[in-house]
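Note: the block below is protein.tsv and it holds TSV, C-alpha atoms and all ligand atoms.
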chain	number	residue	atom	x	y	z
C	1190	MET	CA	61.80	243.83	173.44
C	1191	SER	CA	61.80	247.64	173.48
C	1192	PHE	CA	64.22	249.80	171.53
C	1193	GLU	CA	65.66	251.06	174.84
C	1194	GLN	CA	66.28	247.50	176.09
C	1195	MET	CA	67.97	246.42	172.85
C	1196	TRP	CA	70.09	249.57	172.97
C	1197	ARG	CA	71.15	248.84	176.56
C	1198	ASP	CA	71.99	245.21	175.72
C	1199	LEU	CA	74.17	246.13	172.78
C	1200	ALA	CA	75.86	249.13	174.45
C	1201	PRO	CA	78.68	247.30	176.30
C	1202	VAL	CA	79.72	245.17	173.29
C	1203	GLY	CA	83.15	246.35	172.13
C	1204	ARG	CA	83.11	249.57	174.19
C	1205	SER	CA	86.49	250.80	175.38
C	1206	SER	CA	86.66	251.39	179.14
C	1207	THR	CA	89.10	254.25	178.58
C	1208	SER	CA	87.58	256.33	175.76
C	1209	GLY	CA	83.99	255.06	175.84
C	1210	GLY	CA	84.29	254.54	172.07
C	1211	TYR	CA	83.70	251.32	170.15
C	1212	PHE	CA	86.14	248.84	168.61
C	1213	ARG	CA	83.96	246.45	166.60
C	1214	GLN	CA	86.32	245.43	163.84
C	1215	PRO	CA	84.93	242.82	161.43
C	1216	PHE	CA	85.36	239.16	162.34
C	1217	GLU	CA	86.90	240.05	165.71
C	1218	THR	CA	85.36	239.14	169.07
C	1219	ALA	CA	83.21	242.23	169.76
C	1220	GLU	CA	81.75	242.40	166.26
C	1221	ARG	CA	80.99	238.66	166.34
C	1222	GLU	CA	79.29	239.14	169.70
C	1223	ALA	CA	77.14	241.87	168.13
C	1224	ALA	CA	76.32	239.54	165.19
C	1225	ALA	CA	75.36	236.77	167.66
C	1226	TRP	CA	73.15	239.26	169.49
C	1227	PHE	CA	71.43	240.04	166.17
C	1228	LEU	CA	70.81	236.32	165.47
C	1229	GLU	CA	69.28	235.99	168.94
C	1230	GLN	CA	66.97	238.95	168.23
C	1231	CYS	CA	65.94	237.33	164.93
C	1232	ARG	CA	65.16	234.06	166.71
C	1233	ALA	CA	63.11	235.87	169.37
C	1234	ARG	CA	61.01	237.40	166.55
C	1235	ASP	CA	60.75	234.25	164.42
C	1236	LEU	CA	62.65	235.87	161.59
C	1237	GLU	CA	64.08	233.44	159.06
C	1238	VAL	CA	67.82	234.10	158.89
C	1239	SER	CA	69.99	233.78	155.83
C	1240	CYS	CA	73.73	234.35	155.63
C	1241	ASP	CA	75.92	234.68	152.56
C	1242	GLU	CA	79.44	233.30	152.31
C	1243	VAL	CA	81.06	236.48	153.64
C	1244	GLY	CA	78.80	236.84	156.67
C	1245	ASN	CA	76.15	239.35	155.53
C	1246	LEU	CA	72.99	238.49	157.45
C	1247	VAL	CA	69.29	238.97	156.69
C	1248	GLY	CA	66.44	238.12	159.05
C	1249	TRP	CA	63.17	237.83	157.10
C	1250	TRP	CA	59.72	238.46	158.50
C	1251	ARG	CA	57.23	236.38	156.52
C	1252	PRO	CA	53.91	236.67	158.30
C	1253	ASP	CA	52.68	233.72	156.29
C	1254	PRO	CA	54.63	231.14	154.22
C	1255	ASP	CA	52.57	232.24	151.21
C	1256	VAL	CA	54.04	235.75	151.50
C	1257	THR	CA	57.04	235.32	149.25
C	1258	GLY	CA	59.49	237.73	147.60
C	1259	PRO	CA	60.54	240.14	146.40
C	1260	GLY	CA	60.50	241.95	149.73
C	1261	VAL	CA	61.51	245.16	151.42
C	1262	LEU	CA	64.97	245.17	153.00
C	1263	THR	CA	66.03	247.47	155.82
C	1264	GLY	CA	69.09	247.46	158.07
C	1265	SER	CA	72.64	248.67	158.38
C	1266	HIS	CA	75.90	247.41	159.95
C	1267	LEU	CA	77.27	246.49	163.37
C	1268	ASP	CA	81.01	247.07	162.79
C	1269	SER	CA	82.60	250.38	163.80
C	1270	VAL	CA	85.55	252.56	162.91
C	1271	LEU	CA	88.42	252.43	165.42
C	1272	ASP	CA	87.17	254.14	168.58
C	1273	GLY	CA	83.85	254.89	166.90
C	1274	GLY	CA	80.46	255.96	168.21
C	1275	ALA	CA	77.54	253.81	169.34
C	1276	TYR	CA	75.10	254.91	166.63
C	1277	ASP	CA	76.82	254.64	163.24
C	1278	GLY	CA	75.43	251.30	162.05
C	1279	PRO	CA	73.74	249.81	165.14
C	1280	LEU	CA	71.05	252.53	165.12
C	1281	GLY	CA	69.83	251.23	161.74
C	1282	VAL	CA	69.81	247.59	162.87
C	1283	VAL	CA	68.13	248.16	166.23
C	1284	SER	CA	65.61	250.55	164.64
C	1285	ALA	CA	64.76	247.95	161.97
C	1286	LEU	CA	64.02	245.31	164.63
C	1287	ALA	CA	62.02	247.86	166.67
C	1288	ALA	CA	60.10	248.92	163.53
C	1289	ILE	CA	59.04	245.29	162.97
C	1290	ASP	CA	57.84	245.13	166.59
C	1291	LEU	CA	55.93	248.38	166.09
C	1292	LEU	CA	54.29	247.13	162.87
C	1293	ARG	CA	53.20	243.97	164.68
C	1294	GLU	CA	51.80	246.10	167.53
C	1295	ARG	CA	49.90	248.14	164.95
C	1296	GLY	CA	48.42	244.89	163.64
C	1297	PHE	CA	49.98	245.47	160.23
C	1298	THR	CA	50.42	242.42	158.02
C	1299	PRO	CA	52.85	243.04	155.18
C	1300	ALA	CA	51.90	241.91	151.71
C	1301	LYS	CA	55.59	241.18	151.05
C	1302	PRO	CA	58.40	239.90	153.25
C	1303	ILE	CA	60.38	242.47	155.26
C	1304	GLY	CA	64.06	241.70	155.84
C	1305	VAL	CA	66.49	243.15	158.38
C	1306	SER	CA	70.05	243.16	157.09
C	1307	VAL	CA	73.45	243.41	158.74
C	1308	PHE	CA	76.30	243.98	156.28
C	1309	VAL	CA	79.88	243.14	157.30
C	1310	GLU	CA	82.92	245.51	157.22
C	1311	GLU	CA	80.95	248.63	156.24
C	1312	GLU	CA	83.63	250.94	157.61
C	1313	GLY	CA	86.62	249.30	155.97
C	1314	SER	CA	88.35	249.71	159.34
C	1315	ARG	CA	90.10	246.34	159.14
C	1316	PHE	CA	90.60	245.54	155.45
C	1317	GLY	CA	90.64	249.08	154.06
C	1318	LEU	CA	87.78	248.74	151.59
C	1319	ALA	CA	84.60	250.49	152.77
C	1320	CYS	CA	81.26	248.64	152.34
C	1321	LEU	CA	83.14	245.40	151.68
C	1322	GLY	CA	80.20	243.15	152.60
C	1323	SER	CA	77.67	244.86	150.34
C	1324	ARG	CA	80.27	245.22	147.57
C	1325	LEU	CA	80.92	241.47	147.63
C	1326	LEU	CA	77.22	240.69	147.86
C	1327	THR	CA	76.36	242.80	144.81
C	1328	GLY	CA	79.45	241.94	142.77
C	1329	ALA	CA	80.82	245.51	142.96
C	1330	THR	CA	83.98	243.79	144.25
C	1331	THR	CA	84.88	240.21	143.39
C	1332	LEU	CA	85.96	237.66	145.93
C	1333	ASP	CA	89.12	237.19	143.83
C	1334	ARG	CA	90.10	240.81	144.42
C	1335	ALA	CA	89.04	240.70	148.06
C	1336	LYS	CA	91.18	237.59	148.63
C	1337	GLU	CA	94.24	239.85	148.34
C	1338	LEU	CA	93.08	242.13	151.19
C	1339	ARG	CA	94.97	241.89	154.47
C	1340	ASP	CA	94.51	243.63	157.80
C	1341	ARG	CA	97.28	245.59	159.58
C	1342	ASP	CA	98.68	242.35	161.03
C	1343	GLY	CA	98.87	240.74	157.60
C	1344	VAL	CA	95.85	238.43	158.13
C	1345	PHE	CA	94.06	237.69	154.84
C	1346	LEU	CA	90.33	238.44	154.61
C	1347	LEU	CA	89.25	234.85	153.99
C	1348	ASP	CA	91.41	233.58	156.86
C	1349	ALA	CA	89.80	236.13	159.18
C	1350	MET	CA	86.34	235.03	158.02
C	1351	ASP	CA	87.19	231.36	158.47
C	1352	ALA	CA	88.67	231.97	161.93
C	1353	ALA	CA	85.40	233.69	162.89
C	1354	GLY	CA	83.41	230.79	161.42
C	1355	VAL	CA	81.27	233.00	159.17
C	1356	ARG	CA	81.73	230.73	156.17
C	1357	SER	CA	80.36	227.75	158.07
C	1358	SER	CA	77.69	229.32	160.27
C	1359	PRO	CA	75.26	226.83	161.74
C	1360	ASP	CA	71.49	227.22	161.54
C	1361	VAL	CA	71.52	229.73	158.71
C	1362	THR	CA	70.62	229.14	155.11
C	1363	SER	CA	73.11	230.43	152.61
C	1364	VAL	CA	72.12	233.08	150.11
C	1365	ALA	CA	74.21	234.72	147.40
C	1366	TRP	CA	73.78	237.43	144.83
C	1367	PRO	CA	71.84	237.29	142.48
C	1368	ASP	CA	69.49	235.23	144.69
C	1369	LEU	CA	69.18	238.11	147.12
C	1370	ARG	CA	68.71	240.57	144.25
C	1371	GLU	CA	65.66	238.57	143.23
C	1372	GLN	CA	64.38	238.65	146.80
C	1373	VAL	CA	64.74	242.42	147.23
C	1374	ASP	CA	62.35	244.98	145.86
C	1375	CYS	CA	63.85	248.00	147.61
C	1376	PHE	CA	66.23	248.85	150.46
C	1377	VAL	CA	65.92	251.47	153.21
C	1378	GLU	CA	68.80	252.20	155.59
C	1379	LEU	CA	68.18	254.28	158.71
C	1380	HIS	CA	71.33	256.02	159.97
C	1381	VAL	CA	72.39	258.60	162.52
C	1382	GLU	CA	73.08	261.87	160.73
C	1383	GLN	CA	76.81	262.56	160.53
C	1384	GLY	CA	76.52	266.30	160.13
C	1385	ARG	CA	74.46	269.22	161.37
C	1386	ASP	CA	71.86	269.64	158.64
C	1387	LEU	CA	68.87	268.37	160.68
C	1388	VAL	CA	69.98	270.21	163.83
C	1389	ASP	CA	70.14	273.46	161.88
C	1390	ARG	CA	66.67	272.81	160.42
C	1391	GLY	CA	65.27	271.83	163.83
C	1392	VAL	CA	63.76	268.51	162.63
C	1393	PRO	CA	64.40	265.02	164.02
C	1394	VAL	CA	64.31	263.01	160.78
C	1395	GLY	CA	65.47	263.50	157.19
C	1396	VAL	CA	65.65	261.51	153.96
C	1397	ALA	CA	68.78	261.18	151.79
C	1398	SER	CA	68.99	262.69	148.31
C	1399	MET	CA	72.53	261.65	147.34
C	1400	ILE	CA	75.99	260.58	148.55
C	1401	TRP	CA	79.08	262.50	147.51
C	1402	PRO	CA	81.76	260.66	145.52
C	1403	HIS	CA	84.47	259.31	147.83
C	1404	GLY	CA	88.01	258.02	147.42
C	1405	ARG	CA	90.64	256.47	149.68
C	1406	TYR	CA	94.23	256.93	148.47
C	1407	ARG	CA	97.52	255.54	149.81
C	1408	PHE	CA	100.50	257.90	149.60
C	1409	ASP	CA	103.92	256.21	149.91
C	1410	PHE	CA	106.73	258.68	150.65
C	1411	THR	CA	110.24	257.21	150.59
C	1412	GLY	CA	113.44	258.85	151.82
C	1413	GLU	CA	116.78	258.11	153.39
C	1414	ALA	CA	117.02	256.90	156.98
C	1415	ASN	CA	119.75	258.76	158.85
C	1416	HIS	CA	120.98	259.98	162.23
C	1417	ALA	CA	118.79	262.72	163.79
C	1418	GLY	CA	121.79	264.40	165.41
C	1419	THR	CA	124.66	264.13	162.99
C	1420	THR	CA	122.88	264.62	159.65
C	1421	ARG	CA	122.98	268.28	158.63
C	1422	MET	CA	119.53	269.67	157.84
C	1423	GLU	CA	120.51	270.40	154.23
C	1424	ASP	CA	121.74	266.83	153.69
C	1425	ARG	CA	118.45	265.10	154.54
C	1426	HIS	CA	115.93	263.30	152.36
C	1427	ASP	CA	113.14	263.27	154.91
C	1428	PRO	CA	109.80	261.75	153.76
C	1429	MET	CA	108.10	263.15	156.87
C	1430	LEU	CA	108.52	266.67	155.49
C	1431	THR	CA	107.02	265.71	152.14
C	1432	TYR	CA	104.13	264.06	153.95
C	1433	ALA	CA	103.61	267.07	156.27
C	1434	MET	CA	103.45	269.49	153.34
C	1435	THR	CA	101.08	267.13	151.52
C	1436	ALA	CA	98.69	267.03	154.49
C	1437	LEU	CA	98.67	270.85	154.59
C	1438	ALA	CA	98.17	271.03	150.82
C	1439	ALA	CA	95.25	268.57	151.01
C	1440	ASN	CA	93.57	270.67	153.66
C	1441	LYS	CA	94.06	273.85	151.64
C	1442	GLN	CA	92.83	272.35	148.35
C	1443	ALA	CA	89.73	270.93	150.05
C	1444	ARG	CA	88.93	274.32	151.59
C	1445	LEU	CA	89.44	276.11	148.29
C	1446	SER	CA	87.12	273.73	146.41
C	1447	GLY	CA	84.46	273.24	149.10
C	1448	SER	CA	85.38	269.53	149.29
C	1449	ARG	CA	86.85	267.31	152.03
C	1450	ALA	CA	90.34	265.82	152.39
C	1451	THR	CA	91.66	264.09	155.49
C	1452	PHE	CA	94.87	262.29	156.40
C	1453	GLY	CA	93.71	260.22	159.38
C	1454	ARG	CA	96.17	257.32	159.26
C	1455	VAL	CA	99.96	257.38	159.04
C	1456	ASP	CA	102.58	254.65	159.27
C	1457	VAL	CA	106.19	255.72	159.80
C	1458	GLN	CA	109.25	253.51	159.31
C	1459	PRO	CA	111.23	252.83	161.42
C	1460	ASN	CA	109.26	255.15	163.76
C	1461	GLY	CA	112.24	256.05	165.98
C	1462	THR	CA	112.63	259.36	167.79
C	1463	ASN	CA	116.31	259.81	166.88
C	1464	ALA	CA	116.21	258.80	163.21
C	1465	VAL	CA	115.14	260.52	160.01
C	1466	PRO	CA	112.46	258.13	158.72
C	1467	SER	CA	113.02	255.93	155.68
C	1468	ARG	CA	109.36	255.79	154.70
C	1469	VAL	CA	106.02	257.37	155.53
C	1470	THR	CA	102.81	255.78	154.32
C	1471	ALA	CA	99.71	257.93	154.75
C	1472	TRP	CA	96.10	257.38	153.74
C	1473	MET	CA	93.97	260.23	152.43
C	1474	ASP	CA	90.18	260.13	152.54
C	1475	ALA	CA	88.75	262.61	150.00
C	1476	ARG	CA	85.18	263.51	149.07
C	1477	ALA	CA	83.64	266.05	146.74
C	1478	GLU	CA	80.32	266.99	145.21
C	1479	SER	CA	81.14	265.45	141.83
C	1480	SER	CA	83.64	262.94	140.46
C	1481	GLN	CA	85.24	265.72	138.38
C	1482	ALA	CA	85.74	267.86	141.50
C	1483	LEU	CA	87.20	264.84	143.34
C	1484	GLU	CA	89.61	264.04	140.51
C	1485	ALA	CA	90.64	267.69	140.14
C	1486	MET	CA	91.38	267.97	143.86
C	1487	LEU	CA	93.37	264.72	143.85
C	1488	ALA	CA	95.37	265.95	140.84
C	1489	ASP	CA	96.19	269.25	142.60
C	1490	ILE	CA	97.25	267.52	145.82
C	1491	THR	CA	99.34	264.95	143.93
C	1492	ARG	CA	101.04	267.69	141.89
C	1493	LEU	CA	101.90	269.75	145.00
C	1494	ALA	CA	103.15	266.62	146.79
C	1495	GLY	CA	105.31	265.70	143.78
C	1496	GLU	CA	106.83	269.20	143.62
C	1497	ARG	CA	107.68	269.04	147.30
C	1498	ALA	CA	109.13	265.51	146.90
C	1499	GLU	CA	111.48	266.89	144.25
C	1500	ARG	CA	112.70	269.61	146.61
C	1501	ASP	CA	113.11	267.07	149.46
C	1502	GLY	CA	114.81	264.47	147.25
C	1503	THR	CA	112.19	261.93	148.31
C	1504	GLY	CA	110.06	259.47	146.33
C	1505	LEU	CA	106.28	259.47	146.06
C	1506	THR	CA	103.68	257.06	144.70
C	1507	VAL	CA	99.91	257.45	145.03
C	1508	ASN	CA	97.47	254.52	144.77
C	1509	ALA	CA	93.67	254.63	144.88
C	1510	GLU	CA	92.52	251.91	147.28
C	1511	SER	CA	88.84	252.55	146.62
C	1512	VAL	CA	86.83	255.11	144.69
C	1513	SER	CA	83.05	255.39	144.80
C	1514	ALA	CA	81.05	257.41	142.31
C	1515	VAL	CA	78.22	259.75	143.23
C	1516	VAL	CA	75.05	258.01	144.42
C	1517	ASP	CA	71.74	259.60	143.48
C	1518	PHE	CA	69.01	257.90	145.45
C	1519	ASP	CA	65.66	257.15	143.83
C	1520	ARG	CA	63.90	260.55	143.93
C	1521	ASP	CA	60.33	259.19	143.80
C	1522	LEU	CA	61.05	256.78	146.62
C	1523	ALA	CA	62.64	259.58	148.71
C	1524	GLU	CA	59.61	261.82	148.19
C	1525	ARG	CA	57.21	259.02	149.05
C	1526	ILE	CA	59.07	258.33	152.26
C	1527	ALA	CA	59.43	262.02	153.14
C	1528	ALA	CA	55.69	262.72	152.78
C	1529	GLN	CA	53.78	262.71	156.07
C	1530	PRO	CA	50.02	263.00	156.03
C	1531	GLY	CA	48.94	266.19	157.77
C	1532	ALA	CA	52.49	267.38	158.48
C	1533	ALA	CA	55.44	268.97	156.69
C	1534	ALA	CA	57.46	266.47	154.67
C	1535	TRP	CA	60.82	265.38	156.11
C	1536	PRO	CA	63.65	267.33	154.43
C	1537	ILE	CA	65.55	265.55	151.64
C	1538	ILE	CA	69.25	266.18	152.20
C	1539	PRO	CA	72.62	265.04	150.79
C	1540	THR	CA	75.29	263.21	152.77
C	1541	MET	CA	79.06	263.13	152.52
C	1542	ALA	CA	79.30	259.76	154.31
C	1543	GLY	CA	79.46	256.37	152.60
C	1544	HIS	CA	76.83	253.69	153.23
C	1545	ASP	CA	75.86	250.18	152.10
C	1546	ALA	CA	72.72	251.90	150.79
C	1547	GLY	CA	74.96	253.53	148.17
C	1548	ILE	CA	76.27	250.16	147.02
C	1549	LEU	CA	72.79	248.62	146.77
C	1550	SER	CA	71.56	251.69	144.90
C	1551	GLN	CA	74.45	251.38	142.41
C	1552	ALA	CA	73.51	247.71	141.98
C	1553	GLY	CA	70.12	248.79	140.63
C	1554	ILE	CA	67.97	248.36	143.73
C	1555	PRO	CA	65.63	251.30	144.45
C	1556	THR	CA	67.15	252.55	147.69
C	1557	ALA	CA	66.46	255.22	150.30
C	1558	MET	CA	67.94	256.41	153.57
C	1559	LEU	CA	66.41	257.93	156.68
C	1560	PHE	CA	68.59	260.09	158.93
C	1561	VAL	CA	68.10	260.72	162.64
C	1562	ARG	CA	69.23	264.08	164.06
C	1563	ASN	CA	72.62	264.20	165.78
C	1564	PRO	CA	72.77	267.21	168.15
C	1565	THR	CA	76.46	267.97	167.61
C	1566	GLY	CA	76.95	266.39	164.20
C	1567	VAL	CA	79.99	264.55	165.62
C	1568	SER	CA	80.49	261.05	164.17
C	1569	HIS	CA	83.24	258.41	163.87
C	1570	SER	CA	84.08	259.40	167.45
C	1571	PRO	CA	83.05	258.31	170.96
C	1572	ASP	CA	81.07	261.59	171.17
C	1573	GLU	CA	78.59	260.55	168.45
C	1574	PHE	CA	75.07	260.91	169.89
C	1575	ALA	CA	71.34	261.01	169.23
C	1576	GLU	CA	68.58	261.74	171.75
C	1577	MET	CA	66.41	258.75	172.66
C	1578	ALA	CA	63.27	260.69	171.65
C	1579	ASP	CA	64.75	261.26	168.18
C	1580	CYS	CA	65.74	257.59	167.88
C	1581	LEU	CA	62.16	256.60	168.69
C	1582	ARG	CA	60.89	259.14	166.14
C	1583	GLY	CA	63.24	257.46	163.66
C	1584	VAL	CA	61.75	254.03	164.47
C	1585	GLU	CA	58.28	255.40	163.81
C	1586	ALA	CA	59.39	256.96	160.53
C	1587	LEU	CA	60.95	253.66	159.50
C	1588	ALA	CA	57.80	251.72	160.46
C	1589	ASP	CA	55.70	254.20	158.44
C	1590	THR	CA	58.07	253.72	155.52
C	1591	LEU	CA	57.89	249.91	155.71
C	1592	GLU	CA	54.09	250.14	155.84
C	1593	LYS	CA	54.08	252.26	152.68
C	1594	LEU	CA	56.46	249.90	150.88
C	1595	ALA	CA	55.14	246.51	152.01
C	1596	ARG	CA	51.44	247.25	151.85
N	1601	LIG	C1	81.67	255.59	156.37
N	1601	LIG	O1	80.96	255.89	157.33
N	1601	LIG	C2	82.39	256.63	155.67
N	1601	LIG	O2	81.73	257.55	155.17
N	1601	LIG	O3	83.61	256.57	155.66
N	1602	MN	MN	80.72	255.22	159.43
N	1603	MN	MN	77.41	253.69	158.91
Represent the structure from my file as structure tokens, please.
Amino acid sequence: MSFEQMWRDLAPVGRSSTSGGYFRQPFETAEREAAAWFLEQCRARDLEVSCDEVGNLVGWWRPDPDVTGPGVLTGSHLDSVLDGGAYDGPLGVVSALAAIDLLRERGFTPAKPIGVSVFVEEEGSRFGLACLGSRLLTGATTLDRAKELRDRDGVFLLDAMDAAGVRSSPDVTSVAWPDLREQVDCFVELHVEQGRDLVDRGVPVGVASMIWPHGRYRFDFTGEANHAGTTRMEDRHDPMLTYAMTALAANKQARLSGSRATFGRVDVQPNGTNAVPSRVTAWMDARAESSQALEAMLADITRLAGERAERDGTGLTVNAESVSAVVDFDRDLAERIAAQPGAAAWPIIPTMAGHDAGILSQAGIPTAMLFVRNPTGVSHSPDEFAEMADCLRGVEALADTLEKLAR
């Protein structure tokens, strides 16, 4: 089946009829439908599917039973952020399947198995911890810790997995780390670019050099609920004000240090129009070029927030929900992949976005990423886009890469 056909088949799954964006939260109906679609694609290609106990899937192409591991793994994720784009995740999965088809068309027989992976909850959109599937798979997070995670409705992770049936999937063989570690030689994730680097360079494909360190922090601001009409302005202890100043301070500190800081999620209690709130909980996503820069920015923002809390007579606590260190991808592997006989090498560029590739790299697996140009750079939004011609160029680049690695 062609790339275009797979893309068309997957396009309606979880798409909002109002915004056109995607809601594929892990272990919910749309994401499960996408996972079922993937299993069907594996069956159609005679890929041997394995599933671990949290629902990470791998479809292995073994051209011959004698071709055993360790193999080359490629793939991405099928979950989305809330109201996300079509490309972040699915592009890597569909491209991996299309690359296998292309290699078969070329008559290429790999000397090692090639696996197509789908990791669960890459975005952390439901349980708050980004790359949860690959973290659990590699032991970067333990199941004991993950057991405590709940979604916004209070549903525990394992209950959500059980309700979706991922821990008792039929017709899949179970695989767990370190078994998979022994089966994997290297990992390559193809992804839509989430910035404008390739557009500015005028090239359709790039290779990743590194991922910026990244943290997610929960800020709890507490105050005193009171009447919006009768409480004099000077008598208030309003956590919304402390939060508002903190969001402005985060933006300013990020600008000053050339980093990123975003408050994209806020929960207000009791959330009434005519009451001073009792509590504001806000989540900050922060990223910087180095861990020191990230920590320094967090310290500045926390200090400014604390000073404002004192003036407002409000309370403040800050908790890190997840922190990821810098990822430096294997340089030799990146250069090998970037090289194109008879043409200029693909550029090797950094990214500020998190990926399962970062987790596998930290787990000691030689890892690389291919990026496909995004004309506007917009991502985590319904407007995320890549031209079909660039997607097909990405498939070719991935097929070339798999040929180099599985020869
Ligand atoms: C995932 O895409 C992230 O960078 O948050
Ligand atoms: Mn994403
Ligand atoms: Mn992604």
> Between C:Ala1300, C:His1544, C:Arg1407, C:Val1283, which is the closest to Asp1255 of chain C once you count only C-alpha atoms?
Replying inline: C:Ala1300
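If you look at atom CA of Gly1566 of chain C and atom CA of Val1388 of chain C, they are 8.0 Å away from each other.
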> With all atoms listed in the file as the atoms that count, which of C:Ser1284, C:Val1270, C:Asn1460, C:Arg1213 lies nearest to Met1190 of chain C?
Replying inline: C:Ser1284
>> So that I can see what lies close to Ser1513 of chain C, please list as a list in words the residues with an atom at most 7 Å from it, counting all atoms listed in the file and leaving out residues fewer than 6 positions away in the same chain.
In response: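 In the requested form, the answer reads Pro1402, His1403 and Gly1404 of chain C.
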Write out as a tab-separated table the residues of chain C that have any atom within 8 Å of an atom of ligand MN 1603 (chain N), one row each with the nearest atom pair and its distance in Å to one decimal, counting all atoms listed in the file, sorted by chain and then rising number.
residue	atom	partner	partner_atom	distance
C:Ser1265	CA	N:MN1603	MN	6.9
C:His1266	CA	N:MN1603	MN	6.5
C:Ser1269	CA	N:MN1603	MN	7.9
C:Asp1277	CA	N:MN1603	MN	4.5
C:Gly1278	CA	N:MN1603	MN	4.4
C:Glu1311	CA	N:MN1603	MN	6.7
C:Glu1312	CA	N:MN1603	MN	6.9
C:His1380	CA	N:MN1603	MN	6.6
C:Val1381	CA	N:MN1603	MN	7.9
C:Ala1542	CA	N:MN1603	MN	7.8
C:Gly1543	CA	N:MN1603	MN	7.2
C:His1544	CA	N:MN1603	MN	5.7
C:Asp1545	CA	N:MN1603	MN	7.8
> Which polymer residues, protein or nucleic acid, are no farther than 12 Å from (71.5, 253.7, 158.2), counting only C-alpha atoms, as a PyMOL selection string?
Replying inline: chain C and resi 1262-1267+1276-1285+1305-1308+1311+1376-1383+1395-1397+1540+1542-1547+1556-1561+1580+1583-1584+1587
>> Considering only C-alpha atoms and all ligand atoms, can you say which of C:Leu1318, C:Leu1493, C:Leu1430, C:Cys1375 comes closest to ligand LIG 1601 (chain N)?
In response: C:Leu1318
>> Using Å and a single decimal, report how far atom CA of His1569 of chain C sits from atom CA of Asn1440 of chain C.
In response: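 If I compute the distance from atom CA of Asn1440 of chain C to atom CA of His1569 of chain C, I get 19.0 Å.
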> Pick the closest to ligand MN 1602 (chain N) from C:Ile1537, C:Pro1259, C:Asp1272, C:Phe1192: which is it, counting only C-alpha atoms and all ligand atoms?
Replying inline: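 Under the stated criterion, the closest residue is C:Asp1272.
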Could you check which residues have any atom within 12 Å of (57.5, 263.8, 156.6), counting only C-alpha atoms with coordinates taken straight from the file, and then list them as a PDB file with C-alpha atoms, in the frame of the given file?
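part_28.pdb, written as the output of this step:
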ATOM      1  CA  VAL C1392      63.760 268.510 162.630  1.00  0.00           C
ATOM      2  CA  PRO C1393      64.400 265.020 164.020  1.00  0.00           C
ATOM      3  CA  VAL C1394      64.310 263.010 160.780  1.00  0.00           C
ATOM      4  CA  GLY C1395      65.470 263.500 157.190  1.00  0.00           C
ATOM      5  CA  VAL C1396      65.650 261.510 153.960  1.00  0.00           C
ATOM      6  CA  ALA C1523      62.640 259.580 148.710  1.00  0.00           C
ATOM      7  CA  GLU C1524      59.610 261.820 148.190  1.00  0.00           C
ATOM      8  CA  ARG C1525      57.210 259.020 149.050  1.00  0.00           C
ATOM      9  CA  ILE C1526      59.070 258.330 152.260  1.00  0.00           C
ATOM     10  CA  ALA C1527      59.430 262.020 153.140  1.00  0.00           C
ATOM     11  CA  ALA C1528      55.690 262.720 152.780  1.00  0.00           C
ATOM     12  CA  GLN C1529      53.780 262.710 156.070  1.00  0.00           C
ATOM     13  CA  PRO C1530      50.020 263.000 156.030  1.00  0.00           C
ATOM     14  CA  GLY C1531      48.940 266.190 157.770  1.00  0.00           C
ATOM     15  CA  ALA C1532      52.490 267.380 158.480  1.00  0.00           C
ATOM     16  CA  ALA C1533      55.440 268.970 156.690  1.00  0.00           C
ATOM     17  CA  ALA C1534      57.460 266.470 154.670  1.00  0.00           C
ATOM     18  CA  TRP C1535      60.820 265.380 156.110  1.00  0.00           C
ATOM     19  CA  PRO C1536      63.650 267.330 154.430  1.00  0.00           C
ATOM     20  CA  ILE C1537      65.550 265.550 151.640  1.00  0.00           C
ATOM     21  CA  LEU C1559      66.410 257.930 156.680  1.00  0.00           C
ATOM     22  CA  PHE C1560      68.590 260.090 158.930  1.00  0.00           C
ATOM     23  CA  ARG C1582      60.890 259.140 166.140  1.00  0.00           C
ATOM     24  CA  GLY C1583      63.240 257.460 163.660  1.00  0.00           C
ATOM     25  CA  GLU C1585      58.280 255.400 163.810  1.00  0.00           C
ATOM     26  CA  ALA C1586      59.390 256.960 160.530  1.00  0.00           C
ATOM     27  CA  LEU C1587      60.950 253.660 159.500  1.00  0.00           C
ATOM     28  CA  ASP C1589      55.700 254.200 158.440  1.00  0.00           C
ATOM     29  CA  THR C1590      58.070 253.720 155.520  1.00  0.00           C
TER      30      THR C1590
END
> atom CA of Gly1313 of chain C and atom CA of Leu1483 of chain C, how far apart in Å?
Replying inline: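 The value is 20.0 Å.
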> Nearest to Pro1428 of chain C: which of C:Ser1205, C:Thr1506, C:Ser1239, C:Ser1479 is it, counting only C-alpha atoms?
Replying inline: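 Smallest separation from Pro1428 of chain C among the options: C:Thr1506.
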> Taking into account all atoms listed in the file, which residue in the set C:Ala1464, C:Leu1369, C:Ala1514, C:Val1261 is nearest to Thr1327 of chain C?
Replying inline: C:Leu1369
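Proximity to Pro1539 of chain C at 7 Å, evaluated using all atoms listed in the file and with sequence-adjacent residues fewer than 2 positions away removed, yields C:Ala1397, C:Ser1398, C:Met1399, C:Ile1400, C:Met1541.
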>> List the spatial neighbours of segment 1410-1412 of chain C as a PyMOL selection string - criterion: any atom at most 8 Å away, all atoms listed in the file, same-chain residues fewer than 2 positions off excluded.
In response: chain C and resi 1408+1414+1426-1429+1431-1432+1466-1470+1502-1506
